[in-house]
$ cat start.txt   # compact mmCIF, C-alpha atoms
# COMPACT_ATOMS: atom_id res chain seq x y z
CA MET A 1 118.96 89.59 121.76
CA ALA A 2 118.54 86.11 120.39
CA THR A 3 120.79 85.09 117.51
CA ARG A 4 118.92 84.86 114.25
CA SER A 5 119.62 82.18 111.71
CA SER A 6 120.21 83.38 108.14
CA THR A 7 119.02 80.05 106.69
CA PRO A 8 115.21 79.74 106.52
CA LEU A 9 113.67 76.42 107.46
CA THR A 10 112.04 74.43 104.68
CA GLU A 11 108.31 74.23 105.41
CA ARG A 12 105.45 72.34 103.86
CA PRO A 13 102.71 74.49 102.33
CA GLN A 14 100.19 75.41 105.01
CA ARG A 15 96.52 74.47 104.82
CA ALA A 16 94.07 77.32 104.23
CA ASP A 17 92.90 77.31 107.85
CA ALA A 18 96.49 77.35 109.10
CA GLN A 19 97.26 80.28 106.82
CA ARG A 20 94.22 82.14 108.14
CA ASN A 21 95.27 81.49 111.73
CA ARG A 22 98.79 82.69 110.97
CA ARG A 23 97.46 85.92 109.47
CA ARG A 24 95.15 86.46 112.48
CA VAL A 25 98.09 85.97 114.83
CA LEU A 26 100.21 88.47 112.89
CA GLU A 27 97.42 91.05 112.83
CA ALA A 28 96.83 90.63 116.57
CA ALA A 29 100.56 90.87 117.25
CA GLU A 30 100.81 94.02 115.17
CA GLN A 31 98.00 95.61 117.18
CA LEU A 32 99.36 94.61 120.58
CA PHE A 33 102.96 95.56 119.78
CA ALA A 34 101.60 98.97 118.71
CA GLU A 35 99.73 99.30 122.00
CA ALA A 36 102.16 97.73 124.45
CA GLY A 37 105.48 97.51 122.64
CA ASN A 38 107.67 94.67 123.84
CA GLY A 39 105.35 94.25 126.82
CA ALA A 40 102.87 92.38 124.65
CA THR A 41 102.63 88.72 125.64
CA ILE A 42 102.04 85.55 123.66
CA GLU A 43 98.95 84.92 125.79
CA GLY A 44 97.58 88.38 125.01
CA ILE A 45 98.25 87.94 121.31
CA ALA A 46 96.50 84.57 121.29
CA LYS A 47 93.47 86.05 123.04
CA ARG A 48 93.32 88.97 120.61
CA ALA A 49 93.61 86.60 117.64
CA GLY A 50 90.94 84.27 119.01
CA VAL A 51 93.23 81.24 118.95
CA GLY A 52 95.00 79.13 121.55
CA VAL A 53 98.52 79.78 122.78
CA GLY A 54 99.54 76.51 121.16
CA THR A 55 98.42 77.79 117.77
CA VAL A 56 100.58 80.90 118.16
CA CYS A 57 103.59 78.81 119.19
CA ARG A 58 103.17 76.40 116.29
CA HIS A 59 103.62 79.29 113.90
CA PHE A 60 106.04 81.35 116.01
CA PRO A 61 107.95 79.37 118.68
CA THR A 62 109.18 82.52 120.45
CA LYS A 63 108.04 86.11 120.85
CA GLN A 64 111.21 87.18 119.05
CA ALA A 65 110.18 85.10 116.04
CA LEU A 66 106.83 86.88 116.06
CA LEU A 67 108.47 90.30 116.37
CA ASP A 68 110.75 89.42 113.47
CA GLU A 69 107.87 88.38 111.24
CA VAL A 70 105.80 91.50 112.02
CA LEU A 71 108.78 93.67 111.08
CA THR A 72 109.56 91.62 107.98
CA ASP A 73 105.93 91.82 106.89
CA SER A 74 106.08 95.61 107.28
CA PHE A 75 109.02 95.91 104.89
CA ARG A 76 107.35 93.46 102.51
CA GLU A 77 104.32 95.76 102.34
CA ILE A 78 106.47 98.86 101.80
CA VAL A 79 108.18 97.18 98.84
CA ALA A 80 104.78 96.26 97.40
CA ASP A 81 103.58 99.86 97.85
CA ALA A 82 106.72 101.14 96.14
CA ASP A 83 106.24 98.72 93.23
CA GLU A 84 102.68 99.98 92.84
CA ALA A 85 103.91 103.58 92.84
CA LEU A 86 106.58 102.78 90.25
CA ALA A 87 103.90 101.42 87.95
CA SER A 88 102.25 104.86 87.85
CA ALA A 89 102.73 107.04 84.78
CA ASP A 90 102.81 110.19 86.97
CA PRO A 91 106.12 110.32 88.90
CA ALA A 92 105.13 113.32 91.02
CA THR A 93 101.84 111.87 92.23
CA ALA A 94 103.43 108.43 92.69
CA PHE A 95 106.14 109.82 94.97
CA GLU A 96 103.70 111.80 97.11
CA GLN A 97 101.26 108.92 97.43
CA PHE A 98 104.09 106.61 98.48
CA VAL A 99 105.22 109.05 101.18
CA HIS A 100 101.67 109.25 102.57
CA ARG A 101 101.32 105.45 102.55
CA LEU A 102 104.66 104.99 104.29
CA ALA A 103 103.65 107.46 107.01
CA ALA A 104 100.37 105.59 107.47
CA GLN A 105 102.29 102.33 107.80
CA GLN A 106 104.53 103.85 110.46
CA ALA A 107 101.42 104.88 112.40
CA ARG A 108 99.89 101.42 112.11
CA ARG A 109 103.09 99.52 112.84
CA ARG A 110 104.98 100.79 115.86
CA LEU A 111 107.87 98.39 115.32
CA LEU A 112 108.40 99.76 111.83
CA ALA A 113 108.42 103.35 113.10
CA GLU A 114 110.93 102.42 115.82
CA GLN A 115 113.18 100.63 113.33
CA MET A 116 113.16 103.53 110.88
CA ALA A 117 113.81 106.06 113.66
CA THR A 118 116.56 104.06 115.37
CA ASP A 119 118.74 101.08 114.53
CA LEU A 120 116.79 98.03 115.67
CA GLU A 121 118.37 94.75 114.60
CA LEU A 122 116.62 93.20 111.64
CA PRO A 123 116.05 89.54 110.81
CA PRO A 124 117.83 88.42 107.60
CA ALA A 125 114.70 88.48 105.45
CA ALA A 126 113.94 92.05 106.54
CA VAL A 127 117.52 93.12 105.79
CA GLU A 128 117.07 92.08 102.17
CA LEU A 129 113.66 93.74 102.00
CA LYS A 130 115.09 96.96 103.44
CA LYS A 131 117.70 96.96 100.66
CA ALA A 132 114.91 96.46 98.11
CA MET A 133 112.93 99.28 99.72
CA ARG A 134 115.87 101.66 99.48
CA ALA A 135 116.43 100.78 95.82
CA ARG A 136 112.79 101.48 95.00
CA ILE A 137 112.72 104.75 96.97
CA THR A 138 115.81 105.81 95.02
CA GLU A 139 114.01 105.12 91.75
CA LEU A 140 110.83 106.88 92.89
CA LEU A 141 112.80 109.94 93.97
CA GLU A 142 114.92 110.09 90.81
CA ARG A 143 111.81 109.84 88.64
CA ALA A 144 110.14 112.66 90.57
CA GLN A 145 113.29 114.78 90.31
CA ALA A 146 113.53 114.14 86.55
CA ALA A 147 109.92 115.31 86.25
CA GLY A 148 110.78 118.52 88.11
CA ALA A 149 108.53 117.65 91.05
CA VAL A 150 111.26 117.27 93.69
CA ARG A 151 114.29 119.50 94.24
CA SER A 152 117.51 118.14 92.76
CA ASP A 153 119.76 118.66 95.81
CA ILE A 154 118.02 115.93 97.84
CA SER A 155 119.35 112.37 97.95
CA PRO A 156 117.45 109.15 98.74
CA ALA A 157 119.33 109.00 102.04
CA ASP A 158 118.13 112.52 102.86
CA THR A 159 114.57 111.26 102.46
CA ALA A 160 115.41 108.37 104.81
CA MET A 161 116.21 110.92 107.53
CA LEU A 162 112.96 112.75 106.78
CA PHE A 163 111.06 109.47 107.06
CA ALA A 164 112.80 108.89 110.41
CA GLY A 165 111.50 112.28 111.53
CA VAL A 166 107.98 111.32 110.49
CA ALA A 167 108.43 108.10 112.48
CA GLN A 168 109.29 110.14 115.59
CA ILE A 169 106.24 112.35 115.05
CA THR A 170 104.13 109.22 114.69
CA ALA A 171 105.47 107.89 117.99
CA VAL A 172 104.56 111.16 119.73
CA SER A 173 101.17 111.73 118.10
CA GLY A 174 100.00 108.12 118.21
CA ALA A 175 96.62 107.81 116.53
CA ASP A 176 96.40 111.52 115.67
CA ALA A 177 96.34 111.18 111.87
CA THR A 178 95.77 114.92 111.35
CA LEU A 179 98.98 115.85 113.16
CA ARG A 180 100.93 113.18 111.26
CA GLU A 181 99.59 114.36 107.91
CA ARG A 182 100.36 117.97 108.85
CA TYR A 183 104.07 117.22 109.11
CA VAL A 184 104.06 114.95 106.07
CA ALA A 185 102.66 117.94 104.16
CA VAL A 186 105.45 120.15 105.55
CA MET A 187 107.99 117.55 104.42
CA LEU A 188 106.57 117.34 100.91
CA ASP A 189 106.37 121.15 100.61
CA GLY A 190 110.05 121.33 101.56
CA LEU A 191 110.93 118.91 98.76
CA ARG A 192 109.25 120.97 96.04
CA PRO A 193 111.60 123.02 93.83
CA ALA A 194 109.34 126.09 93.72
CA ALA A 195 109.97 127.04 97.34
CA ALA A 196 113.50 125.68 97.55
CA THR A 197 116.38 127.68 99.01
CA PRO A 198 120.02 126.47 99.02
CA LEU A 199 120.67 123.75 101.58
CA PRO A 200 123.72 123.69 103.86
CA GLY A 201 126.04 120.72 103.60
CA LYS A 202 125.99 117.89 101.12
CA PRO A 203 123.34 115.25 100.39
CA LEU A 204 123.64 112.22 102.67
CA GLN A 205 124.46 108.70 101.54
CA TYR A 206 122.78 105.66 103.08
CA ARG A 207 126.03 104.75 104.85
CA ASP A 208 125.84 108.14 106.60
CA VAL A 209 122.28 107.41 107.74
CA ASP A 210 123.25 103.97 109.05
CA ARG A 211 126.20 105.44 110.94
CA LEU A 212 124.09 108.19 112.54
CA LEU A 213 121.34 105.80 113.61
CA ALA A 214 123.87 103.31 114.99
CA ARG A 215 125.53 106.06 117.03
CA ARG A 216 122.17 107.14 118.41
CA SER A 217 121.31 103.56 119.31
CA ARG A 218 124.59 103.12 121.18
CA SER A 219 124.02 106.36 123.10
CA ALA A 220 120.50 105.34 124.08
CA SER A 221 121.70 101.96 125.42
CA ARG A 222 124.21 103.49 127.84

$ encode --input "start.txt" --output "structure tokens"
Amino acid sequence: MATRSSTPLTERPQRADAQRNRRRVLEAAEQLFAEAGNGATIEGIAKRAGVGVGTVCRHFPTKQALLDEVLTDSFREIVADADEALASADPATAFEQFVHRLAAQQARRRLLAEQMATDLELPPAAVELKKAMRARITELLERAQAAGAVRSDISPADTAMLFAGVAQITAVSGADATLRERYVAVMLDGLRPAAATPLPGKPLQYRDVDRLLARRSRSASR
């Protein structure tokens, strides 16, 4: 995989039409990566966006750069969704709504689902956004637990593994929103204290999640 630079290039502010073209390219790329995975081509993305190949390359010189930006944009949206949930005065509803929105994002963005279910390498900007996402999920969970809406023996890292499971279901079910929502509902029911039974083992930490996903990724590459 191409080496990613951790130092962003300084860019002049883009004109409104250039910004619109960039957004169209990203939306087209998101759709084609969801449909074809890494088999999506720059030419196909340009055609879907209604722009020339040169326009795509001016914004994203390589397909890897485009993949990186689609994934970064996904985490950026998750953080924004989490911030919106944290602004709610109802911790229980906020947590549940965030879970549903995250599952919908996984369905819409195949790269995001793959990253959350495995250990895909992230560009530097996405690494920082993933850290921010985890911090916000921790706060959302702790608020819901303090309100008595989520069982107390679950850690934020435990929820990360549950989200990874939803990502796998999304990959299998594709556009079947009913099936995805069915298992999201099962997940949320399992987090409620009223039906809780003692869990085996101890709550996971994020370092445990990262280690498990890295081990799975290494096994899959052999």

$ atom_distance --input "start.txt" --atom1 "CA of Thr170 in chain A" --atom2 "CA of Gln106 in chain A"
6.8 Å

$ residues_around --input "start.txt" --residues "Gly148 in chain A" --least-positions-apart "6" --cutoff "9 Å" --atoms "only C-alpha atoms" --output "PyMOL selection string"
chain A and resi 92+192-193

$ closest_residue --input "start.txt" --among "A:Pro203, A:Pro61, A:Gly50, A:Gly165" --to "Ala113 in chain A" --atoms "all atoms listed in the file"
A:Gly165

$ axis_aligned_box --input "start.txt" --around "range 155-172 of chain A" --padding-each-side "5 Å" --output "JSON"
{"center_x": 111.7, "center_y": 110.3, "center_z": 108.8, "size_x": 25.2, "size_y": 14.9, "size_z": 31.8}

$ residues_around --input "start.txt" --residues "Glu96 in chain A" --least-positions-apart "6" --cutoff "10 Å" --atoms "all atoms listed in the file" --output "VMD selection string"
chain A and resid 85 102 140 to 141 144 149 to 150 184 to 185 188

$ closest_residue --input "start.txt" --among "A:Ala103, A:Ile42, A:Ala82, A:Ala117" --to "Arg180 in chain A" --atoms "all atoms listed in the file"
A:Ala103

$ atom_distance --input "start.txt" --atom1 "CA of Glu128 in chain A" --atom2 "CA of Ala171 in chain A"
25.2 Å

$ atom_distance --input "start.txt" --atom1 "CA of Leu71 in chain A" --atom2 "CA of Pro123 in chain A"
8.4 Å

$ residues_near_point --input "start.txt" --point "(98.7, 84.6, 116.6)" --cutoff "10 Å" --atoms "all atoms listed in the file" --output "PDB file with C-alpha atoms, keeping the file's coordinate frame"
ATOM      1  CA  ARG A  20      94.220  82.140 108.140  1.00  0.00           C
ATOM      2  CA  ASN A  21      95.270  81.490 111.730  1.00  0.00           C
ATOM      3  CA  ARG A  22      98.790  82.690 110.970  1.00  0.00           C
ATOM      4  CA  ARG A  23      97.460  85.920 109.470  1.00  0.00           C
ATOM      5  CA  ARG A  24      95.150  86.460 112.480  1.00  0.00           C
ATOM      6  CA  VAL A  25      98.090  85.970 114.830  1.00  0.00           C
ATOM      7  CA  LEU A  26     100.210  88.470 112.890  1.00  0.00           C
ATOM      8  CA  GLU A  27      97.420  91.050 112.830  1.00  0.00           C
ATOM      9  CA  ALA A  28      96.830  90.630 116.570  1.00  0.00           C
ATOM     10  CA  ALA A  29     100.560  90.870 117.250  1.00  0.00           C
ATOM     11  CA  GLU A  30     100.810  94.020 115.170  1.00  0.00           C
ATOM     12  CA  ILE A  42     102.040  85.550 123.660  1.00  0.00           C
ATOM     13  CA  GLU A  43      98.950  84.920 125.790  1.00  0.00           C
ATOM     14  CA  GLY A  44      97.580  88.380 125.010  1.00  0.00           C
ATOM     15  CA  ILE A  45      98.250  87.940 121.310  1.00  0.00           C
ATOM     16  CA  ALA A  46      96.500  84.570 121.290  1.00  0.00           C
ATOM     17  CA  LYS A  47      93.470  86.050 123.040  1.00  0.00           C
ATOM     18  CA  ARG A  48      93.320  88.970 120.610  1.00  0.00           C
ATOM     19  CA  ALA A  49      93.610  86.600 117.640  1.00  0.00           C
ATOM     20  CA  GLY A  50      90.940  84.270 119.010  1.00  0.00           C
ATOM     21  CA  VAL A  51      93.230  81.240 118.950  1.00  0.00           C
ATOM     22  CA  GLY A  52      95.000  79.130 121.550  1.00  0.00           C
ATOM     23  CA  VAL A  53      98.520  79.780 122.780  1.00  0.00           C
ATOM     24  CA  GLY A  54      99.540  76.510 121.160  1.00  0.00           C
ATOM     25  CA  THR A  55      98.420  77.790 117.770  1.00  0.00           C
ATOM     26  CA  VAL A  56     100.580  80.900 118.160  1.00  0.00           C
ATOM     27  CA  CYS A  57     103.590  78.810 119.190  1.00  0.00           C
ATOM     28  CA  ARG A  58     103.170  76.400 116.290  1.00  0.00           C
ATOM     29  CA  HIS A  59     103.620  79.290 113.900  1.00  0.00           C
ATOM     30  CA  PHE A  60     106.040  81.350 116.010  1.00  0.00           C
ATOM     31  CA  LEU A  66     106.830  86.880 116.060  1.00  0.00           C
TER      32      LEU A  66
END

$ residues_around --input "start.txt" --residues "Asp73 in chain A" --least-positions-apart "3" --cutoff "12 Å" --atoms "only C-alpha atoms" --output "PyMOL selection string"
chain A and resi 23+26-27+29-30+66-70+76-80+105+109+111-112+122-123+125-127+129-130

$ residues_around --input "start.txt" --residues "Met187 in chain A" --least-positions-apart "3" --cutoff "10 Å" --atoms "all atoms listed in the file" --output "PyMOL selection string"
chain A and resi 99+159+162-163+165-166+181-184+190-192

$ write_last_selection --input "start.txt" --atoms "C-alpha atoms" --output "short mmCIF file (atom, residue, chain, number, x, y, z; two decimals), in the frame of the given file"
data_model
loop_
_atom_site.label_atom_id
_atom_site.label_comp_id
_atom_site.auth_asym_id
_atom_site.auth_seq_id
_atom_site.Cartn_x
_atom_site.Cartn_y
_atom_site.Cartn_z
CA VAL A 99 105.22 109.05 101.18
CA THR A 159 114.57 111.26 102.46
CA LEU A 162 112.96 112.75 106.78
CA PHE A 163 111.06 109.47 107.06
CA GLY A 165 111.50 112.28 111.53
CA VAL A 166 107.98 111.32 110.49
CA GLU A 181 99.59 114.36 107.91
CA ARG A 182 100.36 117.97 108.85
CA TYR A 183 104.07 117.22 109.11
CA VAL A 184 104.06 114.95 106.07
CA GLY A 190 110.05 121.33 101.56
CA LEU A 191 110.93 118.91 98.76
CA ARG A 192 109.25 120.97 96.04
#

$ residues_around --input "start.txt" --residues "Asp81 in chain A" --least-positions-apart "6" --cutoff "12 Å" --atoms "all atoms listed in the file" --output "list in words"
Ser74, Phe75, Ala87, Ser88, Ala94, Phe95, Glu96, Gln97, Phe98, Val99, His100, Arg101, Leu102, Ala103, Ala104, Gln105, Ala132, Met133, Arg136, Ile137 and Leu140 of chain A

$ closest_residue --input "start.txt" --among "A:Asp189, A:Asp83, A:Asp210, A:Asp17" --to "Ala135 in chain A" --atoms "all atoms listed in the file"
A:Asp83

$ closest_residue --input "start.txt" --among "A:Thr72, A:Leu213, A:Ala65, A:Gln205" --to "Ala157 in chain A" --atoms "all atoms listed in the file"
A:Gln205

$ decode --input "start.txt" --residues "range 53-76 of chain A" --atoms "C-alpha atoms" --output "CSV table (one decimal), in the first residue's frame"
chain,number,residue,atom,x,y,z
A,53,VAL,CA,-11.1,12.3,-15.5
A,54,GLY,CA,-8.8,15.4,-15.3
A,55,THR,CA,-11.2,17.0,-12.8
A,56,VAL,CA,-11.0,13.9,-10.6
A,57,CYS,CA,-7.2,13.8,-10.8
A,58,ARG,CA,-6.9,17.5,-10.0
A,59,HIS,CA,-8.6,16.9,-6.7
A,60,PHE,CA,-7.3,13.4,-6.1
A,61,PRO,CA,-4.1,12.5,-8.0
A,62,THR,CA,-4.4,8.7,-7.2
A,63,LYS,CA,-7.2,6.3,-6.4
A,64,GLN,CA,-5.6,5.7,-3.0
A,65,ALA,CA,-6.0,9.5,-2.3
A,66,LEU,CA,-9.6,9.2,-3.2
A,67,LEU,CA,-10.1,6.1,-1.0
A,68,ASP,CA,-8.4,7.9,1.9
A,69,GLU,CA,-10.6,10.9,1.6
A,70,VAL,CA,-13.8,8.8,1.4
A,71,LEU,CA,-12.8,7.0,4.6
A,72,THR,CA,-11.7,10.2,6.3
A,73,ASP,CA,-15.0,11.9,5.4
A,74,SER,CA,-16.9,8.9,6.9
A,75,PHE,CA,-15.2,9.4,10.3
A,76,ARG,CA,-15.7,13.1,10.1
